[in-house]
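Pasted below: target-v6.txt, compact mmCIF, N, CA, C and O atoms.
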# COMPACT_ATOMS: atom_id res chain seq x y z
N MET D 1 0.33 6.45 -19.87
CA MET D 1 -0.71 5.51 -20.22
C MET D 1 -1.11 4.74 -18.97
O MET D 1 -0.28 4.47 -18.11
N ILE D 2 -2.37 4.40 -18.92
CA ILE D 2 -2.89 3.62 -17.80
C ILE D 2 -3.53 2.36 -18.38
O ILE D 2 -4.13 2.39 -19.45
N ARG D 3 -3.35 1.26 -17.70
CA ARG D 3 -3.83 -0.03 -18.19
C ARG D 3 -5.24 -0.30 -17.69
O ARG D 3 -5.54 -0.13 -16.51
N VAL D 4 -6.09 -0.72 -18.61
CA VAL D 4 -7.42 -1.21 -18.28
C VAL D 4 -7.30 -2.72 -18.41
O VAL D 4 -6.81 -3.23 -19.42
N VAL D 5 -7.69 -3.46 -17.39
CA VAL D 5 -7.49 -4.90 -17.39
C VAL D 5 -8.80 -5.64 -17.19
O VAL D 5 -9.66 -5.19 -16.43
N ARG D 6 -8.93 -6.74 -17.91
CA ARG D 6 -10.07 -7.64 -17.72
C ARG D 6 -9.53 -8.91 -17.10
O ARG D 6 -8.70 -9.60 -17.70
N ALA D 7 -9.98 -9.21 -15.89
CA ALA D 7 -9.53 -10.40 -15.17
C ALA D 7 -9.97 -11.65 -15.93
O ALA D 7 -10.97 -11.63 -16.65
N PRO D 8 -9.23 -12.75 -15.78
CA PRO D 8 -9.66 -14.00 -16.42
C PRO D 8 -11.06 -14.40 -15.97
O PRO D 8 -11.49 -14.07 -14.87
N GLU D 9 -11.76 -15.13 -16.84
CA GLU D 9 -13.14 -15.54 -16.54
C GLU D 9 -13.24 -16.29 -15.22
O GLU D 9 -14.19 -16.11 -14.47
N LYS D 10 -12.24 -17.13 -14.91
CA LYS D 10 -12.28 -17.89 -13.66
C LYS D 10 -12.22 -16.98 -12.44
O LYS D 10 -12.62 -17.36 -11.36
N ASP D 11 -11.72 -15.76 -12.63
CA ASP D 11 -11.65 -14.78 -11.54
C ASP D 11 -12.79 -13.76 -11.60
O ASP D 11 -12.75 -12.74 -10.93
N GLY D 12 -13.77 -14.01 -12.44
CA GLY D 12 -14.94 -13.15 -12.50
C GLY D 12 -15.00 -12.25 -13.72
O GLY D 12 -16.03 -11.66 -14.00
N GLY D 13 -13.91 -12.10 -14.43
CA GLY D 13 -13.92 -11.29 -15.64
C GLY D 13 -14.13 -9.81 -15.40
O GLY D 13 -14.55 -9.08 -16.28
N GLU D 14 -13.82 -9.35 -14.21
CA GLU D 14 -14.03 -7.95 -13.84
C GLU D 14 -13.11 -7.03 -14.64
O GLU D 14 -11.94 -7.33 -14.85
N ILE D 15 -13.63 -5.88 -15.05
CA ILE D 15 -12.85 -4.88 -15.78
C ILE D 15 -12.56 -3.73 -14.83
O ILE D 15 -13.47 -3.14 -14.27
N THR D 16 -11.26 -3.45 -14.64
CA THR D 16 -10.83 -2.39 -13.74
C THR D 16 -9.62 -1.67 -14.32
O THR D 16 -9.03 -2.12 -15.29
N LEU D 17 -9.26 -0.56 -13.69
CA LEU D 17 -8.03 0.14 -14.06
C LEU D 17 -6.89 -0.47 -13.25
O LEU D 17 -7.07 -0.88 -12.10
N ASP D 18 -5.73 -0.54 -13.86
CA ASP D 18 -4.55 -1.12 -13.23
C ASP D 18 -3.41 -0.12 -13.31
O ASP D 18 -2.60 -0.17 -14.23
N PRO D 19 -3.32 0.80 -12.36
CA PRO D 19 -2.26 1.82 -12.43
C PRO D 19 -0.86 1.23 -12.28
O PRO D 19 0.11 1.82 -12.72
N THR D 20 -0.73 0.03 -11.69
CA THR D 20 0.58 -0.59 -11.52
C THR D 20 1.02 -1.34 -12.78
O THR D 20 2.21 -1.57 -12.98
N GLY D 21 0.06 -1.77 -13.60
CA GLY D 21 0.38 -2.53 -14.81
C GLY D 21 0.76 -3.97 -14.53
O GLY D 21 1.34 -4.63 -15.38
N LYS D 22 0.43 -4.48 -13.35
CA LYS D 22 0.87 -5.82 -12.95
C LYS D 22 -0.25 -6.83 -12.71
O LYS D 22 0.03 -7.98 -12.41
N LYS D 23 -1.50 -6.41 -12.84
CA LYS D 23 -2.60 -7.35 -12.60
C LYS D 23 -2.66 -8.38 -13.72
O LYS D 23 -2.33 -8.09 -14.87
N ASN D 24 -3.11 -9.59 -13.36
CA ASN D 24 -3.29 -10.63 -14.37
C ASN D 24 -4.52 -10.34 -15.21
O ASN D 24 -5.50 -9.80 -14.71
N GLY D 25 -4.46 -10.71 -16.46
CA GLY D 25 -5.60 -10.56 -17.34
C GLY D 25 -5.24 -9.85 -18.63
O GLY D 25 -4.11 -9.39 -18.82
N ARG D 26 -6.21 -9.77 -19.50
CA ARG D 26 -6.03 -9.10 -20.78
C ARG D 26 -6.04 -7.60 -20.55
O ARG D 26 -6.88 -7.08 -19.83
N GLY D 27 -5.12 -6.89 -21.16
CA GLY D 27 -5.01 -5.46 -20.93
C GLY D 27 -5.16 -4.63 -22.18
O GLY D 27 -4.91 -5.09 -23.29
N ALA D 28 -5.58 -3.41 -21.98
CA ALA D 28 -5.64 -2.40 -23.03
C ALA D 28 -5.15 -1.10 -22.38
O ALA D 28 -5.26 -0.94 -21.16
N TYR D 29 -4.60 -0.22 -23.18
CA TYR D 29 -4.03 1.00 -22.63
C TYR D 29 -4.82 2.23 -23.03
O TYR D 29 -5.39 2.29 -24.12
N LEU D 30 -4.84 3.19 -22.13
CA LEU D 30 -5.62 4.41 -22.29
C LEU D 30 -4.83 5.55 -21.66
O LEU D 30 -4.14 5.36 -20.66
N CYS D 31 -4.91 6.72 -22.26
CA CYS D 31 -4.23 7.86 -21.63
C CYS D 31 -4.99 8.19 -20.33
O CYS D 31 -6.17 7.92 -20.21
N PRO D 32 -4.32 8.74 -19.33
CA PRO D 32 -4.93 8.94 -18.02
C PRO D 32 -5.86 10.16 -17.93
O PRO D 32 -6.30 10.50 -16.84
N GLN D 33 -6.19 10.79 -19.03
CA GLN D 33 -7.09 11.93 -19.00
C GLN D 33 -8.54 11.45 -19.10
O GLN D 33 -8.84 10.52 -19.84
N GLU D 34 -9.41 12.12 -18.38
CA GLU D 34 -10.82 11.72 -18.37
C GLU D 34 -11.45 11.83 -19.75
O GLU D 34 -12.34 11.05 -20.10
N GLU D 35 -10.98 12.78 -20.56
CA GLU D 35 -11.54 12.94 -21.91
C GLU D 35 -11.26 11.69 -22.76
O GLU D 35 -12.07 11.30 -23.59
N CYS D 36 -10.08 11.08 -22.55
CA CYS D 36 -9.74 9.87 -23.31
C CYS D 36 -10.68 8.72 -22.94
O CYS D 36 -11.11 7.97 -23.82
N LEU D 37 -10.98 8.58 -21.66
CA LEU D 37 -11.91 7.54 -21.24
C LEU D 37 -13.29 7.79 -21.82
O LEU D 37 -13.94 6.87 -22.32
N LYS D 38 -13.75 9.03 -21.79
CA LYS D 38 -15.06 9.35 -22.34
C LYS D 38 -15.12 9.05 -23.83
O LYS D 38 -16.12 8.54 -24.33
N ARG D 39 -14.04 9.34 -24.54
CA ARG D 39 -13.97 9.05 -25.97
C ARG D 39 -14.00 7.53 -26.21
O ARG D 39 -14.67 7.04 -27.11
N ALA D 40 -13.28 6.78 -25.38
CA ALA D 40 -13.26 5.32 -25.49
C ALA D 40 -14.64 4.73 -25.21
O ALA D 40 -15.06 3.77 -25.85
N ILE D 41 -15.35 5.32 -24.25
CA ILE D 41 -16.71 4.86 -23.95
C ILE D 41 -17.63 5.13 -25.13
O ILE D 41 -18.39 4.25 -25.55
N LYS D 42 -17.55 6.32 -25.68
CA LYS D 42 -18.41 6.69 -26.80
C LYS D 42 -18.17 5.79 -28.01
O LYS D 42 -19.10 5.36 -28.68
N ARG D 43 -16.91 5.46 -28.26
CA ARG D 43 -16.55 4.62 -29.40
C ARG D 43 -16.65 3.12 -29.10
O ARG D 43 -16.37 2.30 -29.98
N ARG D 44 -16.95 2.78 -27.87
CA ARG D 44 -17.02 1.39 -27.41
C ARG D 44 -15.70 0.66 -27.63
O ARG D 44 -15.65 -0.52 -27.96
N ALA D 45 -14.60 1.40 -27.47
CA ALA D 45 -13.27 0.85 -27.69
C ALA D 45 -12.91 -0.22 -26.67
O ALA D 45 -12.20 -1.18 -27.00
N ILE D 46 -13.39 -0.10 -25.45
CA ILE D 46 -13.07 -1.09 -24.43
C ILE D 46 -13.79 -2.40 -24.72
O ILE D 46 -13.21 -3.48 -24.60
N SER D 47 -15.03 -2.33 -25.15
CA SER D 47 -15.77 -3.53 -25.56
C SER D 47 -15.04 -4.23 -26.70
O SER D 47 -14.91 -5.45 -26.72
N TYR D 48 -14.57 -3.44 -27.65
CA TYR D 48 -13.85 -3.99 -28.80
C TYR D 48 -12.54 -4.64 -28.37
O TYR D 48 -12.21 -5.75 -28.80
N ALA D 49 -11.80 -4.00 -27.50
CA ALA D 49 -10.50 -4.52 -27.06
C ALA D 49 -10.65 -5.84 -26.31
O ALA D 49 -9.82 -6.74 -26.46
N PHE D 50 -11.70 -5.96 -25.50
CA PHE D 50 -11.88 -7.17 -24.71
C PHE D 50 -12.84 -8.17 -25.34
O PHE D 50 -13.09 -9.23 -24.77
N LYS D 51 -13.39 -7.84 -26.49
CA LYS D 51 -14.29 -8.74 -27.23
C LYS D 51 -15.45 -9.22 -26.36
O LYS D 51 -15.78 -10.40 -26.33
N CYS D 52 -16.03 -8.27 -25.63
CA CYS D 52 -17.21 -8.57 -24.82
C CYS D 52 -18.01 -7.29 -24.63
O CYS D 52 -17.50 -6.20 -24.85
N LYS D 53 -19.25 -7.45 -24.25
CA LYS D 53 -20.09 -6.28 -23.98
C LYS D 53 -19.74 -5.74 -22.60
O LYS D 53 -19.66 -6.47 -21.62
N VAL D 54 -19.51 -4.44 -22.54
CA VAL D 54 -19.20 -3.78 -21.28
C VAL D 54 -20.43 -2.96 -20.87
O VAL D 54 -20.89 -2.11 -21.64
N GLU D 55 -20.94 -3.23 -19.70
CA GLU D 55 -22.14 -2.57 -19.21
C GLU D 55 -21.85 -1.13 -18.78
O GLU D 55 -20.71 -0.79 -18.44
N ASN D 56 -22.88 -0.31 -18.75
CA ASN D 56 -22.74 1.09 -18.35
C ASN D 56 -22.22 1.23 -16.92
O ASN D 56 -21.51 2.18 -16.61
N GLU D 57 -22.58 0.28 -16.04
CA GLU D 57 -22.11 0.33 -14.66
C GLU D 57 -20.59 0.18 -14.59
O GLU D 57 -19.93 0.80 -13.76
N VAL D 58 -20.03 -0.63 -15.48
CA VAL D 58 -18.58 -0.82 -15.53
C VAL D 58 -17.91 0.48 -15.99
O VAL D 58 -16.90 0.90 -15.42
N TYR D 59 -18.48 1.11 -17.01
CA TYR D 59 -17.93 2.39 -17.47
C TYR D 59 -17.97 3.43 -16.36
O TYR D 59 -17.02 4.20 -16.18
N ALA D 60 -19.07 3.46 -15.61
CA ALA D 60 -19.18 4.42 -14.50
C ALA D 60 -18.11 4.13 -13.44
O ALA D 60 -17.49 5.06 -12.90
N ALA D 61 -17.88 2.86 -13.15
CA ALA D 61 -16.85 2.49 -12.17
C ALA D 61 -15.46 2.87 -12.67
O ALA D 61 -14.63 3.35 -11.89
N LEU D 62 -15.20 2.70 -13.96
CA LEU D 62 -13.91 3.09 -14.53
C LEU D 62 -13.70 4.59 -14.42
O LEU D 62 -12.60 5.05 -14.10
N GLU D 63 -14.77 5.37 -14.65
CA GLU D 63 -14.67 6.83 -14.51
C GLU D 63 -14.32 7.21 -13.08
O GLU D 63 -13.49 8.09 -12.85
N GLU D 64 -14.97 6.57 -12.10
CA GLU D 64 -14.70 6.85 -10.69
C GLU D 64 -13.26 6.49 -10.33
O GLU D 64 -12.58 7.24 -9.64
N GLN D 65 -12.80 5.33 -10.82
CA GLN D 65 -11.43 4.90 -10.54
C GLN D 65 -10.41 5.88 -11.13
O GLN D 65 -9.43 6.23 -10.49
N LEU D 66 -10.66 6.33 -12.36
CA LEU D 66 -9.74 7.25 -13.01
C LEU D 66 -9.71 8.59 -12.28
O LEU D 66 -8.64 9.17 -12.09
N THR D 67 -10.85 9.06 -11.83
CA THR D 67 -10.91 10.31 -11.06
C THR D 67 -10.10 10.17 -9.77
O THR D 67 -9.35 11.07 -9.41
N ALA D 68 -10.23 9.03 -9.10
CA ALA D 68 -9.49 8.81 -7.85
C ALA D 68 -7.99 8.73 -8.12
O ALA D 68 -7.19 9.29 -7.36
N ILE D 69 -7.59 8.07 -9.19
CA ILE D 69 -6.17 7.96 -9.53
C ILE D 69 -5.60 9.31 -9.86
O ILE D 69 -4.51 9.68 -9.40
N ASN D 70 -6.34 10.11 -10.65
CA ASN D 70 -5.87 11.44 -11.00
C ASN D 70 -5.80 12.37 -9.79
O ASN D 70 -4.92 13.24 -9.72
N ALA D 71 -6.72 12.21 -8.84
CA ALA D 71 -6.71 13.04 -7.64
C ALA D 71 -5.50 12.67 -6.75
O ALA D 71 -4.89 13.54 -6.13
N ALA D 72 -5.15 11.39 -6.72
CA ALA D 72 -4.01 10.95 -5.91
C ALA D 72 -2.67 11.31 -6.55
O ALA D 72 -1.68 11.50 -5.84
N ASN D 73 -2.67 11.43 -7.88
CA ASN D 73 -1.43 11.74 -8.61
C ASN D 73 -1.66 12.94 -9.52
O ASN D 73 -1.78 12.79 -10.73
N PRO D 74 -1.70 14.14 -8.97
CA PRO D 74 -1.96 15.31 -9.81
C PRO D 74 -0.86 15.52 -10.85
O PRO D 74 0.31 15.26 -10.58
N ALA D 75 -1.26 15.99 -12.02
CA ALA D 75 -0.30 16.24 -13.10
C ALA D 75 0.62 17.37 -12.72
O ALA D 75 0.22 18.33 -12.06
N GLU D 76 1.84 17.24 -13.14
CA GLU D 76 2.82 18.28 -12.79
C GLU D 76 2.85 19.38 -13.81
O GLU D 76 2.62 19.28 -14.93
Taking this structure as input, can you express it in the form of C-alpha cells?
Amino acid sequence: MIRVVRAPEKDGGEITLDPTGKKNGRGAYLCPQEECLKRAIKRRAISYAFKCKVENEVYAALEEQLTAINAANPAE
C-alpha cells in the first residue's frame, strides 16, 4: 500500500504520494498499481477521503509520482 497525503491547510493543503508513510497530514491508502489509482480517480475516492474537491491537475501529478515510484522500485 502507498499513502496519499493531504498536507495541513497551513502548509498549503497539497495532495501528494508519501512512499515513506511519514509525512504530516491526513492520509489515505492506495495499492501501488496504476490501475488502482485510475479506479480511485474515476470513483473520486480521493476527493471523498479528504473531503475536498481534487482538481484534474492534482490527479495528473499523482499519476506521474506513482509512475516514478514504480520505476524506482520495480515489482519482484
Tell me, which residues of chain D carry DSSP helix (DSSP H, G or I), written as a PDB file with N, CA, C and O atoms, keeping the file's coordinate frame?
ATOM      1  N   GLU D   9     -11.760 -15.130 -16.840  1.00  0.00           N
ATOM      2  CA  GLU D   9     -13.140 -15.540 -16.540  1.00  0.00           C
ATOM      3  C   GLU D   9     -13.240 -16.290 -15.220  1.00  0.00           C
ATOM      4  O   GLU D   9     -14.190 -16.110 -14.470  1.00  0.00           O
ATOM      5  N   LYS D  10     -12.240 -17.130 -14.910  1.00  0.00           N
ATOM      6  CA  LYS D  10     -12.280 -17.890 -13.660  1.00  0.00           C
ATOM      7  C   LYS D  10     -12.220 -16.980 -12.440  1.00  0.00           C
ATOM      8  O   LYS D  10     -12.620 -17.360 -11.360  1.00  0.00           O
ATOM      9  N   ASP D  11     -11.720 -15.760 -12.630  1.00  0.00           N
ATOM     10  CA  ASP D  11     -11.650 -14.780 -11.540  1.00  0.00           C
ATOM     11  C   ASP D  11     -12.790 -13.760 -11.600  1.00  0.00           C
ATOM     12  O   ASP D  11     -12.750 -12.740 -10.930  1.00  0.00           O
ATOM     13  N   GLU D  34      -9.410  12.120 -18.380  1.00  0.00           N
ATOM     14  CA  GLU D  34     -10.820  11.720 -18.370  1.00  0.00           C
ATOM     15  C   GLU D  34     -11.450  11.830 -19.750  1.00  0.00           C
ATOM     16  O   GLU D  34     -12.340  11.050 -20.100  1.00  0.00           O
ATOM     17  N   GLU D  35     -10.980  12.780 -20.560  1.00  0.00           N
ATOM     18  CA  GLU D  35     -11.540  12.940 -21.910  1.00  0.00           C
ATOM     19  C   GLU D  35     -11.260  11.690 -22.760  1.00  0.00           C
ATOM     20  O   GLU D  35     -12.070  11.300 -23.590  1.00  0.00           O
ATOM     21  N   CYS D  36     -10.080  11.080 -22.550  1.00  0.00           N
ATOM     22  CA  CYS D  36      -9.740   9.870 -23.310  1.00  0.00           C
ATOM     23  C   CYS D  36     -10.680   8.720 -22.940  1.00  0.00           C
ATOM     24  O   CYS D  36     -11.110   7.970 -23.820  1.00  0.00           O
ATOM     25  N   LEU D  37     -10.980   8.580 -21.660  1.00  0.00           N
ATOM     26  CA  LEU D  37     -11.910   7.540 -21.240  1.00  0.00           C
ATOM     27  C   LEU D  37     -13.290   7.790 -21.820  1.00  0.00           C
ATOM     28  O   LEU D  37     -13.940   6.870 -22.320  1.00  0.00           O
ATOM     29  N   LYS D  38     -13.750   9.030 -21.790  1.00  0.00           N
ATOM     30  CA  LYS D  38     -15.060   9.350 -22.340  1.00  0.00           C
ATOM     31  C   LYS D  38     -15.120   9.050 -23.830  1.00  0.00           C
ATOM     32  O   LYS D  38     -16.120   8.540 -24.330  1.00  0.00           O
ATOM     33  N   ARG D  39     -14.040   9.340 -24.540  1.00  0.00           N
ATOM     34  CA  ARG D  39     -13.970   9.050 -25.970  1.00  0.00           C
ATOM     35  C   ARG D  39     -14.000   7.530 -26.210  1.00  0.00           C
ATOM     36  O   ARG D  39     -14.670   7.040 -27.110  1.00  0.00           O
ATOM     37  N   ALA D  40     -13.280   6.780 -25.380  1.00  0.00           N
ATOM     38  CA  ALA D  40     -13.260   5.320 -25.490  1.00  0.00           C
ATOM     39  C   ALA D  40     -14.640   4.730 -25.210  1.00  0.00           C
ATOM     40  O   ALA D  40     -15.060   3.770 -25.850  1.00  0.00           O
ATOM     41  N   ILE D  41     -15.350   5.320 -24.250  1.00  0.00           N
ATOM     42  CA  ILE D  41     -16.710   4.860 -23.950  1.00  0.00           C
ATOM     43  C   ILE D  41     -17.630   5.130 -25.130  1.00  0.00           C
ATOM     44  O   ILE D  41     -18.390   4.250 -25.550  1.00  0.00           O
ATOM     45  N   LYS D  42     -17.550   6.320 -25.680  1.00  0.00           N
ATOM     46  CA  LYS D  42     -18.410   6.690 -26.800  1.00  0.00           C
ATOM     47  C   LYS D  42     -18.170   5.790 -28.010  1.00  0.00           C
ATOM     48  O   LYS D  42     -19.100   5.360 -28.680  1.00  0.00           O
ATOM     49  N   ARG D  43     -16.910   5.460 -28.260  1.00  0.00           N
ATOM     50  CA  ARG D  43     -16.550   4.620 -29.400  1.00  0.00           C
ATOM     51  C   ARG D  43     -16.650   3.120 -29.100  1.00  0.00           C
ATOM     52  O   ARG D  43     -16.370   2.300 -29.980  1.00  0.00           O
ATOM     53  N   ALA D  45     -14.600   1.400 -27.470  1.00  0.00           N
ATOM     54  CA  ALA D  45     -13.270   0.850 -27.690  1.00  0.00           C
ATOM     55  C   ALA D  45     -12.910  -0.220 -26.670  1.00  0.00           C
ATOM     56  O   ALA D  45     -12.200  -1.180 -27.000  1.00  0.00           O
ATOM     57  N   ILE D  46     -13.390  -0.100 -25.450  1.00  0.00           N
ATOM     58  CA  ILE D  46     -13.070  -1.090 -24.430  1.00  0.00           C
ATOM     59  C   ILE D  46     -13.790  -2.400 -24.720  1.00  0.00           C
ATOM     60  O   ILE D  46     -13.210  -3.480 -24.600  1.00  0.00           O
ATOM     61  N   SER D  47     -15.030  -2.330 -25.150  1.00  0.00           N
ATOM     62  CA  SER D  47     -15.770  -3.530 -25.560  1.00  0.00           C
ATOM     63  C   SER D  47     -15.040  -4.230 -26.700  1.00  0.00           C
ATOM     64  O   SER D  47     -14.910  -5.450 -26.720  1.00  0.00           O
ATOM     65  N   TYR D  48     -14.570  -3.440 -27.650  1.00  0.00           N
ATOM     66  CA  TYR D  48     -13.850  -3.990 -28.800  1.00  0.00           C
ATOM     67  C   TYR D  48     -12.540  -4.640 -28.370  1.00  0.00           C
ATOM     68  O   TYR D  48     -12.210  -5.750 -28.800  1.00  0.00           O
ATOM     69  N   ALA D  49     -11.800  -4.000 -27.500  1.00  0.00           N
ATOM     70  CA  ALA D  49     -10.500  -4.520 -27.060  1.00  0.00           C
ATOM     71  C   ALA D  49     -10.650  -5.840 -26.310  1.00  0.00           C
ATOM     72  O   ALA D  49      -9.820  -6.740 -26.460  1.00  0.00           O
ATOM     73  N   PHE D  50     -11.700  -5.960 -25.500  1.00  0.00           N
ATOM     74  CA  PHE D  50     -11.880  -7.170 -24.710  1.00  0.00           C
ATOM     75  C   PHE D  50     -12.840  -8.170 -25.340  1.00  0.00           C
ATOM     76  O   PHE D  50     -13.090  -9.230 -24.770  1.00  0.00           O
ATOM     77  N   ASN D  56     -22.880  -0.310 -18.750  1.00  0.00           N
ATOM     78  CA  ASN D  56     -22.740   1.090 -18.350  1.00  0.00           C
ATOM     79  C   ASN D  56     -22.220   1.230 -16.920  1.00  0.00           C
ATOM     80  O   ASN D  56     -21.510   2.180 -16.610  1.00  0.00           O
ATOM     81  N   GLU D  57     -22.580   0.280 -16.040  1.00  0.00           N
ATOM     82  CA  GLU D  57     -22.110   0.330 -14.660  1.00  0.00           C
ATOM     83  C   GLU D  57     -20.590   0.180 -14.590  1.00  0.00           C
ATOM     84  O   GLU D  57     -19.930   0.800 -13.760  1.00  0.00           O
ATOM     85  N   VAL D  58     -20.030  -0.630 -15.480  1.00  0.00           N
ATOM     86  CA  VAL D  58     -18.580  -0.820 -15.530  1.00  0.00           C
ATOM     87  C   VAL D  58     -17.910   0.480 -15.990  1.00  0.00           C
ATOM     88  O   VAL D  58     -16.900   0.900 -15.420  1.00  0.00           O
ATOM     89  N   TYR D  59     -18.480   1.110 -17.010  1.00  0.00           N
ATOM     90  CA  TYR D  59     -17.930   2.390 -17.470  1.00  0.00           C
ATOM     91  C   TYR D  59     -17.970   3.430 -16.360  1.00  0.00           C
ATOM     92  O   TYR D  59     -17.020   4.200 -16.180  1.00  0.00           O
ATOM     93  N   ALA D  60     -19.070   3.460 -15.610  1.00  0.00           N
ATOM     94  CA  ALA D  60     -19.180   4.420 -14.500  1.00  0.00           C
ATOM     95  C   ALA D  60     -18.110   4.130 -13.440  1.00  0.00           C
ATOM     96  O   ALA D  60     -17.490   5.060 -12.900  1.00  0.00           O
ATOM     97  N   ALA D  61     -17.880   2.860 -13.150  1.00  0.00           N
ATOM     98  CA  ALA D  61     -16.850   2.490 -12.170  1.00  0.00           C
ATOM     99  C   ALA D  61     -15.460   2.870 -12.670  1.00  0.00           C
ATOM    100  O   ALA D  61     -14.630   3.350 -11.890  1.00  0.00           O
ATOM    101  N   LEU D  62     -15.200   2.700 -13.960  1.00  0.00           N
ATOM    102  CA  LEU D  62     -13.910   3.090 -14.530  1.00  0.00           C
ATOM    103  C   LEU D  62     -13.700   4.590 -14.420  1.00  0.00           C
ATOM    104  O   LEU D  62     -12.600   5.050 -14.100  1.00  0.00           O
ATOM    105  N   GLU D  63     -14.770   5.370 -14.650  1.00  0.00           N
ATOM    106  CA  GLU D  63     -14.670   6.830 -14.510  1.00  0.00           C
ATOM    107  C   GLU D  63     -14.320   7.210 -13.080  1.00  0.00           C
ATOM    108  O   GLU D  63     -13.490   8.090 -12.850  1.00  0.00           O
ATOM    109  N   GLU D  64     -14.970   6.570 -12.100  1.00  0.00           N
ATOM    110  CA  GLU D  64     -14.700   6.850 -10.690  1.00  0.00           C
ATOM    111  C   GLU D  64     -13.260   6.490 -10.330  1.00  0.00           C
ATOM    112  O   GLU D  64     -12.580   7.240  -9.640  1.00  0.00           O
ATOM    113  N   GLN D  65     -12.800   5.330 -10.820  1.00  0.00           N
ATOM    114  CA  GLN D  65     -11.430   4.900 -10.540  1.00  0.00           C
ATOM    115  C   GLN D  65     -10.410   5.880 -11.130  1.00  0.00           C
ATOM    116  O   GLN D  65      -9.430   6.230 -10.490  1.00  0.00           O
ATOM    117  N   LEU D  66     -10.660   6.330 -12.360  1.00  0.00           N
ATOM    118  CA  LEU D  66      -9.740   7.250 -13.010  1.00  0.00           C
ATOM    119  C   LEU D  66      -9.710   8.590 -12.280  1.00  0.00           C
ATOM    120  O   LEU D  66      -8.640   9.170 -12.090  1.00  0.00           O
ATOM    121  N   THR D  67     -10.850   9.060 -11.830  1.00  0.00           N
ATOM    122  CA  THR D  67     -10.910  10.310 -11.060  1.00  0.00           C
ATOM    123  C   THR D  67     -10.100  10.170  -9.770  1.00  0.00           C
ATOM    124  O   THR D  67      -9.350  11.070  -9.410  1.00  0.00           O
ATOM    125  N   ALA D  68     -10.230   9.030  -9.100  1.00  0.00           N
ATOM    126  CA  ALA D  68      -9.490   8.810  -7.850  1.00  0.00           C
ATOM    127  C   ALA D  68      -7.990   8.730  -8.120  1.00  0.00           C
ATOM    128  O   ALA D  68      -7.190   9.290  -7.360  1.00  0.00           O
ATOM    129  N   ILE D  69      -7.590   8.070  -9.190  1.00  0.00           N
ATOM    130  CA  ILE D  69      -6.170   7.960  -9.530  1.00  0.00           C
ATOM    131  C   ILE D  69      -5.600   9.310  -9.860  1.00  0.00           C
ATOM    132  O   ILE D  69      -4.510   9.680  -9.400  1.00  0.00           O
ATOM    133  N   ASN D  70      -6.340  10.110 -10.650  1.00  0.00           N
ATOM    134  CA  ASN D  70      -5.870  11.440 -11.000  1.00  0.00           C
ATOM    135  C   ASN D  70      -5.800  12.370  -9.790  1.00  0.00           C
ATOM    136  O   ASN D  70      -4.920  13.240  -9.720  1.00  0.00           O
ATOM    137  N   ALA D  71      -6.720  12.210  -8.840  1.00  0.00           N
ATOM    138  CA  ALA D  71      -6.710  13.040  -7.640  1.00  0.00           C
ATOM    139  C   ALA D  71      -5.500  12.670  -6.750  1.00  0.00           C
ATOM    140  O   ALA D  71      -4.890  13.540  -6.130  1.00  0.00           O
ATOM    141  N   ALA D  72      -5.150  11.390  -6.720  1.00  0.00           N
ATOM    142  CA  ALA D  72      -4.010  10.950  -5.910  1.00  0.00           C
ATOM    143  C   ALA D  72      -2.670  11.310  -6.550  1.00  0.00           C
ATOM    144  O   ALA D  72      -1.680  11.500  -5.840  1.00  0.00           O
TER     145      ALA D  72
END
* Pick out the residues sitting within 6 Å of range 18-22 of chain D, and hand them over as a PyMOL selection string; count only C-alpha atoms, and ignore anything fewer than 4 positions along from it in its own chain. => chain D and resi 2-4
* To do: Extract, using only C-alpha atoms, all DNA, RNA and protein residues at most 12 Å from Lys53 in chain D, discarding same-chain residues fewer than 2 positions from it, and format them as a ChimeraX atom specification.
  => /D:6,13-15,41,44-51,55-59
* Asked: To one decimal place, how far is CA of Pro8 in chain D from CA of Gly25 in chain D in Å?
  ->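 Separating CA of Pro8 in chain D from CA of Gly25 in chain D is a distance of 5.4 Å.
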* Asked: Could you state the separation of atom C of Asn70 in chain D and atom O of Cys52 in chain D in Å, given to one decimal place?
  -> 26.6 Å
Step by step, gather every atom of range 11-27 of chain D that the file lists, find the box along x, y and z that holds them, add 6 Å on each side, and finally give centre and edge lengths in Å to one decimal, as AutoDock Vina command-line options.
--center_x -6.9 --center_y -7.0 --center_z -17.1 --size_x 30.2 --size_y 29.6 --size_z 24.4
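Closest to Tyr29 in chain D among D:Ala7, D:Met1, D:Ala72, D:Val54 is D:Met1, based on all atoms listed in the file.
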* To do: Step one, run DSSP on the backbone; step two, keep only residues of chain D assigned to strand (DSSP E or B); then write them as an MDAnalysis selection string.
  => chainID D and resid 2:6 15:18 26:30
